[in-house]
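Colleague: Please find run16.txt (compact mmCIF, C-alpha atoms) on the next line:
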```txt
# COMPACT_ATOMS: atom_id res chain seq x y z
CA MET A 1 -248.65 55.40 -37.52
CA LYS A 2 -246.51 58.24 -38.75
CA PHE A 3 -244.05 59.98 -36.46
CA LYS A 4 -241.74 62.91 -36.76
CA ALA A 5 -238.41 63.10 -34.97
CA GLU A 6 -236.36 66.20 -34.23
CA ILE A 7 -232.78 65.20 -33.48
CA ASP A 8 -229.93 67.37 -32.19
CA ILE A 9 -226.35 66.16 -32.48
CA MET A 10 -223.73 68.19 -30.62
CA PRO A 11 -219.98 67.91 -30.18
CA LEU A 12 -219.25 66.49 -26.70
CA LYS A 13 -219.00 69.24 -24.08
CA ALA A 14 -215.48 68.18 -23.13
CA LEU A 15 -214.21 68.70 -26.68
CA LEU A 16 -213.17 71.93 -28.33
CA ASP A 17 -215.65 72.97 -31.01
CA PRO A 18 -213.45 74.97 -33.41
CA GLN A 19 -216.40 75.98 -35.58
CA GLY A 20 -218.24 77.40 -32.58
CA LYS A 21 -215.09 79.15 -31.32
CA THR A 22 -214.55 80.81 -34.71
CA VAL A 23 -218.15 82.02 -34.84
CA THR A 24 -217.95 83.28 -31.24
CA SER A 25 -214.85 85.33 -31.95
CA ASN A 26 -216.44 86.83 -35.06
CA MET A 27 -219.61 88.04 -33.35
CA THR A 28 -217.95 91.34 -32.47
CA ASN A 29 -217.00 91.77 -36.15
CA VAL A 30 -220.67 91.88 -37.07
CA GLY A 31 -221.40 94.28 -34.24
CA ILE A 32 -222.93 91.86 -31.75
CA GLN A 33 -221.43 92.25 -28.27
CA GLY A 34 -221.66 89.98 -25.25
CA VAL A 35 -221.71 86.57 -26.95
CA GLU A 36 -219.68 84.34 -24.65
CA ASP A 37 -219.94 80.96 -26.30
CA VAL A 38 -221.33 79.34 -29.44
CA ARG A 39 -221.42 75.61 -29.98
CA ILE A 40 -222.44 74.24 -33.35
CA GLY A 41 -223.97 70.85 -34.04
CA LYS A 42 -226.45 69.31 -36.44
CA HIS A 43 -230.22 69.21 -36.47
CA VAL A 44 -231.86 66.25 -38.20
CA GLN A 45 -235.57 65.95 -39.00
CA MET A 46 -236.80 62.45 -39.64
CA SER A 47 -240.21 61.13 -40.68
CA LEU A 48 -240.89 57.50 -39.92
CA GLU A 49 -243.48 54.76 -39.66
CA ALA A 50 -243.81 52.77 -36.46
CA GLY A 51 -246.42 50.77 -34.54
CA SER A 52 -246.17 52.91 -31.42
CA LEU A 53 -244.41 55.91 -29.94
CA GLU A 54 -242.05 53.58 -28.05
CA GLU A 55 -241.13 51.76 -31.25
CA ALA A 56 -240.56 55.08 -33.04
CA LYS A 57 -238.28 56.27 -30.23
CA ALA A 58 -236.35 53.00 -30.33
CA LYS A 59 -235.84 53.35 -34.10
CA VAL A 60 -234.61 56.93 -33.77
CA GLU A 61 -232.26 55.97 -30.95
CA GLU A 62 -230.85 53.13 -33.06
CA ALA A 63 -230.40 55.49 -36.05
CA CYS A 64 -228.51 57.95 -33.83
CA LYS A 65 -226.27 55.28 -32.34
CA LYS A 66 -225.52 53.42 -35.58
CA LEU A 67 -225.22 56.25 -38.07
CA LEU A 68 -226.20 59.80 -37.21
CA ALA A 69 -223.85 60.40 -34.28
CA ASN A 70 -220.36 59.16 -33.42
CA PRO A 71 -220.36 58.64 -29.63
CA ILE A 72 -216.61 59.20 -29.45
CA MET A 73 -217.07 62.87 -30.32
CA GLU A 74 -220.79 63.63 -30.35
CA SER A 75 -223.86 63.40 -28.13
CA PHE A 76 -227.46 63.38 -29.27
CA THR A 77 -230.93 64.24 -27.95
CA PHE A 78 -234.25 63.86 -29.72
CA GLU A 79 -237.99 64.33 -29.49
CA VAL A 80 -240.52 62.17 -31.29
CA ILE A 81 -244.12 63.20 -31.89
CA ALA A 82 -247.03 61.45 -33.62
CA GLU A 83 -248.10 63.23 -36.80
CA MET B 1 -197.77 40.50 -51.60
CA HIS B 2 -201.21 40.75 -53.14
CA PHE B 3 -202.95 44.05 -52.37
CA GLY B 4 -206.63 44.88 -52.95
CA VAL B 5 -207.39 48.60 -53.27
CA ILE B 6 -211.02 49.58 -52.70
CA THR B 7 -212.65 52.38 -54.67
CA PHE B 8 -215.60 54.05 -52.98
CA PRO B 9 -217.72 56.70 -54.71
CA GLY B 10 -215.59 59.78 -54.07
CA SER B 11 -212.24 58.01 -53.60
CA ASN B 12 -209.56 60.06 -55.36
CA CYS B 13 -206.27 58.52 -54.21
CA ASP B 14 -206.99 54.97 -55.37
CA GLN B 15 -205.02 55.33 -58.61
CA ASP B 16 -202.02 56.88 -56.80
CA MET B 17 -202.07 53.96 -54.37
CA ILE B 18 -202.33 51.38 -57.17
CA TYR B 19 -199.49 53.06 -59.11
CA THR B 20 -197.23 53.13 -56.05
CA LEU B 21 -197.86 49.53 -55.06
CA GLU B 22 -197.66 48.15 -58.60
CA THR B 23 -195.10 50.30 -60.38
CA THR B 24 -192.85 51.57 -57.61
CA LEU B 25 -192.95 48.53 -55.34
CA GLY B 26 -193.63 45.73 -57.84
CA GLN B 27 -196.53 44.25 -55.90
CA LYS B 28 -199.61 42.50 -57.28
CA VAL B 29 -202.70 44.72 -57.05
CA SER B 30 -206.38 43.95 -57.54
CA THR B 31 -208.97 46.68 -57.74
CA LEU B 32 -212.04 46.31 -55.56
CA TRP B 33 -215.35 48.17 -55.84
CA HIS B 34 -217.39 49.27 -52.83
CA LYS B 35 -220.32 47.13 -54.02
CA ASP B 36 -218.20 43.97 -54.16
CA SER B 37 -218.87 41.52 -51.39
CA GLU B 38 -215.81 39.30 -51.88
CA LEU B 39 -212.25 40.47 -51.32
CA GLY B 40 -210.74 37.61 -53.30
CA ASP B 41 -207.33 36.10 -52.73
CA ILE B 42 -205.55 39.11 -51.24
CA ASP B 43 -203.07 39.57 -48.39
CA VAL B 44 -203.74 43.23 -47.72
CA VAL B 45 -206.81 45.40 -48.24
CA VAL B 46 -206.19 49.12 -48.74
CA LEU B 47 -208.76 51.86 -48.16
CA PRO B 48 -207.42 54.88 -50.05
CA GLY B 49 -207.93 58.59 -49.52
CA GLY B 50 -210.69 60.72 -50.95
CA PHE B 51 -214.12 61.99 -50.03
CA SER B 52 -216.26 58.88 -49.98
CA TYR B 53 -219.96 59.69 -50.30
CA GLY B 54 -219.06 63.38 -50.32
CA ASP B 55 -218.04 63.20 -46.63
CA TYR B 56 -221.76 63.54 -45.87
CA LEU B 57 -222.72 63.34 -42.18
CA ARG B 58 -219.11 62.68 -41.05
CA SER B 59 -216.07 61.59 -43.07
CA GLY B 60 -216.28 57.84 -43.55
CA ALA B 61 -219.64 57.50 -41.79
CA ILE B 62 -221.56 56.31 -44.86
CA ALA B 63 -218.74 54.33 -46.47
CA ARG B 64 -218.57 52.05 -43.45
CA PHE B 65 -221.93 50.61 -44.53
CA SER B 66 -220.76 49.80 -48.09
CA PRO B 67 -221.33 46.15 -48.98
CA ILE B 68 -217.58 45.49 -49.10
CA MET B 69 -217.00 46.73 -45.55
CA GLN B 70 -218.61 43.66 -44.00
CA SER B 71 -215.96 41.55 -45.77
CA VAL B 72 -213.23 43.97 -44.65
CA ILE B 73 -214.39 43.64 -41.02
CA GLU B 74 -214.38 39.83 -41.24
CA PHE B 75 -210.97 39.88 -42.96
CA ALA B 76 -209.52 42.16 -40.26
CA ASN B 77 -211.01 40.13 -37.43
CA LYS B 78 -209.32 37.03 -38.82
CA GLY B 79 -205.98 38.86 -38.69
CA GLY B 80 -205.87 40.06 -42.31
CA TRP B 81 -203.84 43.19 -43.05
CA VAL B 82 -205.83 46.38 -43.54
CA ILE B 83 -204.35 49.79 -44.35
CA GLY B 84 -206.40 53.00 -44.42
CA VAL B 85 -204.93 56.29 -45.57
CA CYS B 86 -206.69 59.62 -44.91
CA ASN B 87 -210.35 58.94 -45.77
CA GLY B 88 -209.49 55.24 -45.39
CA PHE B 89 -208.33 55.95 -41.83
CA GLN B 90 -211.58 57.83 -41.16
CA ILE B 91 -213.62 54.88 -42.47
CA LEU B 92 -211.69 52.41 -40.29
CA CYS B 93 -212.36 54.56 -37.20
CA GLU B 94 -216.06 54.87 -38.05
CA THR B 95 -216.19 51.10 -38.55
CA GLY B 96 -214.67 50.54 -35.13
CA LEU B 97 -211.71 48.59 -36.53
CA LEU B 98 -209.47 51.34 -35.17
CA PRO B 99 -209.91 53.21 -31.89
CA GLY B 100 -210.73 56.92 -31.82
CA ALA B 101 -212.21 59.40 -34.27
CA LEU B 102 -211.05 62.07 -36.72
CA MET B 103 -212.55 65.47 -35.96
CA HIS B 104 -212.47 68.78 -37.82
CA ASN B 105 -208.98 70.31 -37.79
CA SER B 106 -208.56 72.84 -34.97
CA SER B 107 -208.14 75.60 -37.56
CA HIS B 108 -211.35 74.41 -39.24
CA ARG B 109 -209.49 74.70 -42.53
CA PHE B 110 -208.60 72.10 -45.10
CA ILE B 111 -204.83 71.63 -44.81
CA CYS B 112 -202.76 70.45 -47.78
CA LYS B 113 -199.01 70.51 -47.18
CA ASN B 114 -195.95 68.43 -46.42
CA VAL B 115 -195.47 67.50 -42.77
CA GLU B 116 -192.68 65.72 -40.91
CA LEU B 117 -193.41 62.38 -39.33
CA LYS B 118 -191.59 60.52 -36.61
CA ALA B 119 -191.94 56.73 -36.58
CA VAL B 120 -193.10 55.59 -33.14
CA SER B 121 -194.06 51.89 -32.98
CA LYS B 122 -191.13 49.51 -33.21
CA LYS B 123 -193.55 46.62 -33.50
CA ASN B 124 -195.90 47.55 -36.34
CA ALA B 125 -195.00 46.38 -39.86
CA ILE B 126 -195.37 49.86 -41.39
CA SER B 127 -193.09 51.64 -38.91
CA ALA B 128 -190.72 49.00 -37.50
CA GLY B 129 -188.35 49.27 -40.47
CA LEU B 130 -188.06 53.05 -40.20
CA THR B 131 -185.18 54.78 -38.49
CA GLN B 132 -185.48 57.07 -35.49
CA GLU B 133 -182.50 58.99 -36.88
CA GLN B 134 -184.56 60.92 -39.40
CA THR B 135 -188.04 62.29 -39.96
CA TYR B 136 -190.16 61.38 -42.97
CA THR B 137 -191.65 64.11 -45.15
CA ILE B 138 -195.16 63.04 -46.15
CA PRO B 139 -198.04 65.24 -47.38
CA ILE B 140 -201.35 65.63 -45.62
CA ALA B 141 -204.56 66.79 -47.32
CA HIS B 142 -207.58 66.81 -45.04
CA GLY B 143 -210.21 68.88 -43.30
CA GLU B 144 -211.03 66.28 -40.67
CA GLY B 145 -207.78 64.85 -39.39
CA LYS B 146 -207.67 65.83 -35.75
CA TYR B 147 -207.23 62.52 -34.01
CA PHE B 148 -209.10 62.08 -30.75
CA VAL B 149 -209.51 59.16 -28.39
CA ASP B 150 -210.50 59.00 -24.72
CA SER B 151 -207.67 58.95 -22.18
CA ASP B 152 -208.23 55.37 -20.96
CA THR B 153 -208.05 54.01 -24.51
CA LEU B 154 -205.00 56.17 -25.25
CA GLU B 155 -203.23 54.71 -22.24
CA GLN B 156 -203.94 51.16 -23.46
CA MET B 157 -202.80 52.09 -26.96
CA GLU B 158 -199.52 53.53 -25.64
CA ALA B 159 -198.91 50.42 -23.51
CA ASN B 160 -199.64 48.16 -26.48
CA ASP B 161 -197.41 50.12 -28.91
CA GLN B 162 -200.32 51.17 -31.16
CA ILE B 163 -199.14 54.71 -31.93
CA LEU B 164 -197.47 54.49 -35.35
CA PHE B 165 -196.56 58.08 -36.26
CA ARG B 166 -196.47 61.50 -34.65
CA TYR B 167 -196.26 64.91 -36.33
CA CYS B 168 -192.90 66.53 -35.53
CA ASN B 169 -190.58 69.26 -36.74
CA ALA B 170 -187.59 68.74 -39.05
CA GLU B 171 -185.40 67.95 -36.03
CA GLY B 172 -187.77 65.21 -34.92
CA VAL B 173 -189.14 67.18 -31.96
CA VAL B 174 -192.81 66.44 -31.30
CA ASP B 175 -194.37 69.68 -30.08
CA GLU B 176 -197.46 71.83 -30.45
CA SER B 177 -195.97 73.97 -33.21
CA SER B 178 -195.47 70.89 -35.40
CA ASN B 179 -199.04 69.69 -34.88
CA PRO B 180 -200.88 70.67 -38.09
CA ASN B 181 -204.44 69.83 -37.11
CA GLY B 182 -204.73 69.68 -33.32
CA SER B 183 -204.42 65.87 -33.08
CA LEU B 184 -204.18 64.48 -29.58
CA ASP B 185 -200.47 64.07 -28.68
CA ASN B 186 -199.56 64.83 -32.33
CA ILE B 187 -200.86 61.41 -33.39
CA ALA B 188 -200.77 60.93 -37.18
CA GLY B 189 -201.33 57.16 -37.38
CA VAL B 190 -202.46 54.28 -35.17
CA SER B 191 -203.07 50.55 -35.27
CA ASN B 192 -205.58 48.25 -33.62
CA ALA B 193 -204.62 46.08 -30.66
CA GLY B 194 -203.80 43.18 -33.00
CA HIS B 195 -201.40 45.40 -35.02
CA ASN B 196 -202.92 44.22 -38.33
CA VAL B 197 -205.21 47.22 -38.96
CA ILE B 198 -203.28 50.39 -39.78
CA GLY B 199 -204.58 53.92 -40.23
CA MET B 200 -202.80 57.17 -40.97
CA MET B 201 -203.80 60.65 -42.16
CA PRO B 202 -200.61 61.47 -44.17
CA HIS B 203 -200.37 60.12 -47.73
CA PRO B 204 -197.24 57.97 -48.26
CA GLU B 205 -198.46 57.13 -51.79
CA ARG B 206 -198.10 60.81 -52.69
CA ALA B 207 -194.44 60.74 -51.72
CA ALA B 208 -193.23 57.69 -53.55
CA ASP B 209 -191.96 58.74 -56.95
CA ALA B 210 -188.73 60.44 -58.05
CA ASN B 211 -190.73 62.77 -60.31
CA LEU B 212 -192.41 64.18 -57.21
CA LYS B 213 -188.99 64.95 -55.68
CA ASN B 214 -190.00 63.10 -52.55
CA GLU B 215 -189.70 59.35 -52.05
CA ASP B 216 -189.94 59.21 -48.26
CA GLY B 217 -193.20 57.31 -48.51
CA VAL B 218 -191.46 54.34 -50.14
CA ALA B 219 -189.71 53.52 -46.85
CA LEU B 220 -193.08 53.00 -45.15
CA PHE B 221 -194.32 50.62 -47.84
CA ARG B 222 -190.99 48.74 -47.87
CA SER B 223 -191.07 48.38 -44.10
CA PHE B 224 -194.61 47.01 -44.34
CA ILE B 225 -193.96 44.60 -47.21
CA GLN B 226 -190.76 43.22 -45.67
CA ARG B 227 -192.43 42.52 -42.33
CA ALA B 228 -196.03 41.73 -43.27
CA GLY B 229 -194.85 39.60 -46.18
CA LYS B 230 -192.95 37.29 -43.82
CA VAL B 231 -195.90 36.70 -41.55
CA GLY B 232 -198.66 36.75 -44.19
```
Turn the structure described in the file into C-alpha cells.
Modeller:
Amino acid sequence: MKFKAEIDIMPLKALLDPQGKTVTSNMTNVGIQGVEDVRIGKHVQMSLEAGSLEEAKAKVEEACKKLLANPIMESFTFEVIAE
Amino acid sequence: MHFGVITFPGSNCDQDMIYTLETTLGQKVSTLWHKDSELGDIDVVVLPGGFSYGDYLRSGAIARFSPIMQSVIEFANKGGWVIGVCNGFQILCETGLLPGALMHNSSHRFICKNVELKAVSKKNAISAGLTQEQTYTIPIAHGEGKYFVDSDTLEQMEANDQILFRYCNAEGVVDESSNPNGSLDNIAGVSNAGHNVIGMMPHPERAADANLKNEDGVALFRSFIQRAGKVG
C-alpha cells in the first residue's frame, strides 16, 4: 500500500528561534501589525510503501528520529494517510 | 603521529588541514574518502571543515551516514583519537560521538572573523599544553555554530572537564560581548567523556602559517601531538 506522510519539524519551544525572531520583528516593516511571535521549522512530505498504516507510521517515526530531526534541538509531529 | 584526514563531498578545509599537519608540524598524513570503509593504520582521524552534502537538512546530518563514519564510530569507541573542526564538529555531534548540537548563530548570519579563545580543560590533549596567561586568536567561519546542550549534560561535562575552549575578549574575559554566535556559556569546543573525541568550531589550521600572520593555531596542534603521541 502507498502512504503519504506530512511531517513538521520545529525548533524546541524552550530554544530561541533566531529566524522566527527576525521575521517577527520585520512584520511591521512590511506593514503588518500585531504579529506577536513567529516560529519557523521545516515541513517534509514523504511518499512511502508499507504493509499497513501502523507500519507506515513506524517507518516515518524512525526516519524522523534517525535523520530528519535532531532531538537535542528539534521536535517533530506527523500525519500519515493512505493514498 | 599518523593522521587520517577525511574528505566528504563539500569539505573545503581538508587541504589546509593536511598542509598544516604535514608541512608545519611534520606529521604523517593519509587522505581518506567518505566512501572508504577502512581507516587504515592511523592514530588520529580528522574531520575537517566545509559544507558536507551542502549542509542539507542540518549541518553534518547526512555526512554522519557516510560509509566511513561507521569506522570512525568504532575507532572512537575503542579510544582512538578523533578531531572535528567546524563542519567536522557538527558531524561528530550529529553522530552522537560528542554531546550537544550546533544551531544557527543567534544573528542568523554566517560569521567569518578572528575570535579570541581561552583554553579551559587542563586534561584534554589539545588544550592541556596551552597557557592561561594568554588568549589564542583563531578564525571562525560558520553559520551554524551556536553550541547547545541540555543543562544536566552540561553539568556532567563541566564536572568531567570536557569544555575545551570558550570565546573570550583579548583580556581573556569570557562574557556575552565576546560570544560571536550565541553559544551556551561561550563554548567553542568540547570533548566526549573519554577525552579522545575533540570538536571545535574555530579553525586552528587556518592560523598555523607565518604567511598568514597568525600562528596561534600551531600551539593547539603541538599540545595535542605532545600529549596524544605519548599515550597513543
Colleague: Between CA of Leu117 in chain B and CA of Asn192 in chain B, measure the distance and give it in Å to one decimal.
Modeller: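 CA of Asn192 in chain B lies at a distance of 19.5 Å from CA of Leu117 in chain B.
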Colleague: Could you list, as a list of chain:residue names, every residue within 9 Å of range 22-27 of chain B, counting all atoms listed in the file and ignoring same-chain residues fewer than 5 positions away?
Modeller: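 Counting all atoms listed in the file, the residues come to B:Met1, B:His2, B:Phe3, B:Met17, B:Ala208, B:Asp209, B:Val218, B:Phe221, B:Arg222.
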Colleague: What are the nearest atom pairs, with distances in Å to one decimal, for all residues of chain B that come at most 10 Å from chain A, using only C-alpha atoms, set out by chain and rising residue number as CSV?
Modeller:
```
residue,atom,partner,partner_atom,distance
B:Leu57,CA,A:Leu68,CA,7.0
B:Arg58,CA,A:Asn70,CA,8.5
B:Ala61,CA,A:Leu67,CA,6.8
B:Ile62,CA,A:Leu67,CA,7.7
B:Arg64,CA,A:Leu67,CA,9.5
B:Phe65,CA,A:Leu67,CA,9.2
B:Cys93,CA,A:Asn70,CA,10.0
B:Glu94,CA,A:Asn70,CA,7.6
B:Pro99,CA,A:Ile72,CA,9.3
B:Gly100,CA,A:Ile72,CA,6.7
B:Ala101,CA,A:Ile72,CA,6.5
B:Leu102,CA,A:Met73,CA,8.8
B:Met103,CA,A:Met73,CA,7.7
B:His104,CA,A:Pro18,CA,7.7
B:Asn105,CA,A:Pro18,CA,7.8
B:Ser106,CA,A:Pro18,CA,5.6
B:Ser107,CA,A:Pro18,CA,6.8
B:His108,CA,A:Pro18,CA,6.2
B:Arg109,CA,A:Gln19,CA,9.9
B:Phe148,CA,A:Met73,CA,8.0
B:Val149,CA,A:Ile72,CA,7.2
B:Asp150,CA,A:Ile72,CA,7.7
```
Colleague: Using all atoms listed in the file, can you list as a PyMOL selection string the residues within 12 Å of (-214.8, 55.1, -48.4)?
Modeller: chain B and resi 5-14+32-35+46-56+58-69+72+84-95
Colleague: For CA of Lys65 in chain A and CA of Met201 in chain B, quote the distance in Å rounded to one decimal.
Modeller: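 We find that CA of Lys65 in chain A and CA of Met201 in chain B lie 25.1 Å from each other.
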Colleague: Please measure the separation of CA of Asn124 in chain B and CA of Glu215 in chain B, giving the value in Å to one decimal.
Modeller: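 Distance reported for this atom pair: 20.6 Å.
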Colleague: With distances taken over only C-alpha atoms, which residue among A:Val30, A:Val80, A:Ala14, A:Met1 lies nearest Ala58 in chain A?
Modeller: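 Comparing A:Val30, A:Val80, A:Ala14, A:Met1 against Ala58 in chain A, the winner is A:Val80.
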Colleague: So that I can see what lies close to range 34-36 of chain A, please list as a PyMOL selection string the residues with an atom at most 10 Å from it, counting all atoms listed in the file and leaving out residues fewer than 6 positions away in the same chain.
Modeller: chain A and resi 21+23-28
Colleague: With all atoms listed in the file as the counted atoms, please give the residues lying no more than 10 Å from Gln45 in chain A, apart from itself and same-chain residues fewer than 2 positions off, as a VMD selection string.
Modeller: chain A and resid 4 to 8 43 47 78 to 80
Colleague: Write out, as a short mmCIF file (atom, residue, chain, number, x, y, z; two decimals), in the coordinates of the input, the residues just selected, with C-alpha atoms.
Modeller:
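That gives us result.cif:
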```
data_model
loop_
_atom_site.label_atom_id
_atom_site.label_comp_id
_atom_site.auth_asym_id
_atom_site.auth_seq_id
_atom_site.Cartn_x
_atom_site.Cartn_y
_atom_site.Cartn_z
CA LYS A 4 -241.74 62.91 -36.76
CA ALA A 5 -238.41 63.10 -34.97
CA GLU A 6 -236.36 66.20 -34.23
CA ILE A 7 -232.78 65.20 -33.48
CA ASP A 8 -229.93 67.37 -32.19
CA HIS A 43 -230.22 69.21 -36.47
CA SER A 47 -240.21 61.13 -40.68
CA PHE A 78 -234.25 63.86 -29.72
CA GLU A 79 -237.99 64.33 -29.49
CA VAL A 80 -240.52 62.17 -31.29
#
```
Colleague: Taking only C-alpha atoms into account, which of B:Gln134, B:Gln162, B:Asn196, B:Gln226 comes nearest Ile73 in chain B?
Modeller: B:Asn196
Colleague: Would you place a box with edges along x, y and z of the file around all atoms of range 156-175 of chain B listed there, add 3 Å to each of its six sides, and report the centre and edge lengths in Å to one decimal, as lines of an AutoDock Vina configuration file?
Modeller:
```
center_x = -194.7
center_y = 58.9
center_z = -31.3
size_x = 24.5
size_y = 27.5
size_z = 21.6
```
Colleague: Please list as a PyMOL selection string every residue within 12 Å of Pro180 in chain B, counting only C-alpha atoms and excluding residues in the same chain fewer than 2 positions away.
Modeller: chain B and resi 104-117+139-147+166-169+174-178+182-188+201-202
Colleague: Set the distance at 8 Å and use only C-alpha atoms: which residues neighbour Ala50 in chain A once local chain neighbours fewer than 5 positions away are removed? I'd like the list as a ChimeraX atom specification.
Modeller: /A:1-3,55-56
